[in-house]
Amino acid sequence: TRNVKVTIGGDSYLLRVLSDKQQLSDLEGHGKRLHISSAQWGLFGQLWPSGQLLAQAMCRFDIEGKRTLQLSCGIGLASIVLMRRGVEVIASDEHPLAEPFLAHNAALNGLPPVQFHQLRHGRELPTLGNFDLIIASDVLHDRSQAEVIANVVRHHAKPRAEVVLTDPGLSSREEFSQMLVKQRFALKLTRCRMHDSDQE
């Protein structure tokens with residue numbers, strides 16, 4: 001692993017990430033049980049542009065009093081930004097190493113552990129409850145994944161919830177948007193700056 005520093009909203013964050021995308025250490029066979037291929041194993045442990053963009057969006061988002069769920073949190077930057085803002089946030093991911101990375105990264109930034117649930121794709125978790133805000137990044141790689149996220153929204157969004165996804169133009173964005181329209185969400189496309197120095 002290595003540590004990287006990123007600035008979000010004028011605040012500096014230190015994050016532990018995997019050294020490269022090809023790392024694989026799965027002696028207990030979690031990947032096979034969870035259907036995570038060797039090519040996908042290390043992807044959770046990177047600081048992706050969409051994840052950084054989501055953190056920037058959450059730095060400026062109106063979050064007062066909103067119970068928040070982050071899906072596919074990976075290293076958890078957006079959840080850590082929200083936690084620093086005093087938000088009640090629950091992070092979730094399917095990857096078995098996401099929770100220890102998230103806890104370590106919270107500690108690196110002087111925060112207590114972020115509440116975490118392993119949310120298996122396609123499986124309901126009734127005890128999770130409902131949320132005012134559901135956020136995610138890089139989750140629309142194909143139609144099946146879009147359906148999974150739309151179903152999570154259906155089961156865990158409050159009646160007047162907001163859903164914020166940052167996406168690099170993946171193939172299932174339009175399909176996912178239509179799935180949310182069927183759930184009576186209004187759609188809004190917003191451009192957010194990636195770095196503090198960028199113009200709005």
# chains A, B, ... in the order shown; residues from 1 in each chain; ligands from 1
>>> select_by_dssp(residues="stretch 28-194 of chain A", states="helix (DSSP H, G or I)", output="JSON, numbers by chain")
{"A": [30, 31, 32, 33, 34, 38, 39, 40, 41, 42, 43, 44, 45, 49, 50, 51, 52, 53, 54, 55, 56, 57, 58, 59, 60, 77, 78, 79, 80, 81, 82, 83, 84, 98, 99, 100, 101, 102, 103, 104, 105, 106, 107, 108, 126, 127, 128, 143, 144, 145, 146, 147, 148, 149, 150, 151, 152, 153, 154, 155, 156, 173, 174, 175, 176, 177, 178, 179, 180, 181, 182]}
>>> residues_around(residues="A:Ser177", least_positions_apart="5", cutoff="10 Å", atoms="only C-alpha atoms", output="ChimeraX atom specification")
/A:146,150,172,182-183,185-188
>>> write_last_selection(atoms="N, CA and C atoms", output="short mmCIF file (atom, residue, chain, number, x, y, z; two decimals), in the first residue's frame")
data_model
loop_
_atom_site.label_atom_id
_atom_site.label_comp_id
_atom_site.auth_asym_id
_atom_site.auth_seq_id
_atom_site.Cartn_x
_atom_site.Cartn_y
_atom_site.Cartn_z
N ALA A 146 -26.48 -1.57 -12.99
CA ALA A 146 -27.45 -0.48 -12.89
C ALA A 146 -28.73 -0.96 -12.22
N ALA A 150 -30.33 0.45 -8.75
CA ALA A 150 -31.72 0.92 -8.77
C ALA A 150 -32.56 0.18 -7.74
N SER A 172 -24.14 2.36 -19.00
CA SER A 172 -25.49 2.14 -18.47
C SER A 172 -26.08 3.36 -17.78
N LYS A 182 -38.72 5.79 -13.46
CA LYS A 182 -39.85 4.90 -13.15
C LYS A 182 -40.15 4.86 -11.66
N GLN A 183 -39.15 5.19 -10.84
CA GLN A 183 -39.36 5.30 -9.40
C GLN A 183 -39.79 6.71 -9.00
N PHE A 185 -38.27 9.62 -9.63
CA PHE A 185 -37.22 10.60 -9.36
C PHE A 185 -37.16 11.60 -10.49
N ALA A 186 -36.87 12.86 -10.16
CA ALA A 186 -36.57 13.88 -11.17
C ALA A 186 -35.07 13.89 -11.39
N LEU A 187 -34.64 13.98 -12.64
CA LEU A 187 -33.23 13.89 -12.97
C LEU A 187 -32.61 15.28 -13.15
N LYS A 188 -31.37 15.41 -12.69
CA LYS A 188 -30.64 16.66 -12.85
C LYS A 188 -29.17 16.34 -13.08
#
>>> closest_atom_pairs(of="stretch 171-197 of chain A", to="stretch 118-141 of chain A", cutoff="9 Å", atoms="only C-alpha atoms", output="CSV")
residue,atom,partner,partner_atom,distance
A:Ser171,CA,A:His141,CA,6.3
A:Ser172,CA,A:Leu140,CA,5.4
A:Arg173,CA,A:Leu140,CA,6.1
A:Phe176,CA,A:Leu140,CA,7.6
>>> residues_around(residues="stretch 97-108 of chain A", least_positions_apart="5", cutoff="6 Å", atoms="only C-alpha atoms", output="MDAnalysis selection string")
chainID A and resid 15 74:76 113
>>> residues_around(residues="A:Arg60", least_positions_apart="4", cutoff="12 Å", atoms="only C-alpha atoms", output="count of residues only")
16
>>> residues_around(residues="A:Leu189", least_positions_apart="4", cutoff="12 Å", atoms="only C-alpha atoms", output="ChimeraX atom specification")
/A:163-167,173-174,177
>>> atom_distance(atom1="atom CA of A:His95", atom2="atom CA of A:Ser144")
17.5 Å
>>> closest_residue(among="A:Gly169, A:Met179, A:Met83, A:Thr1", to="A:Arg154", atoms="only C-alpha atoms")
A:Met179
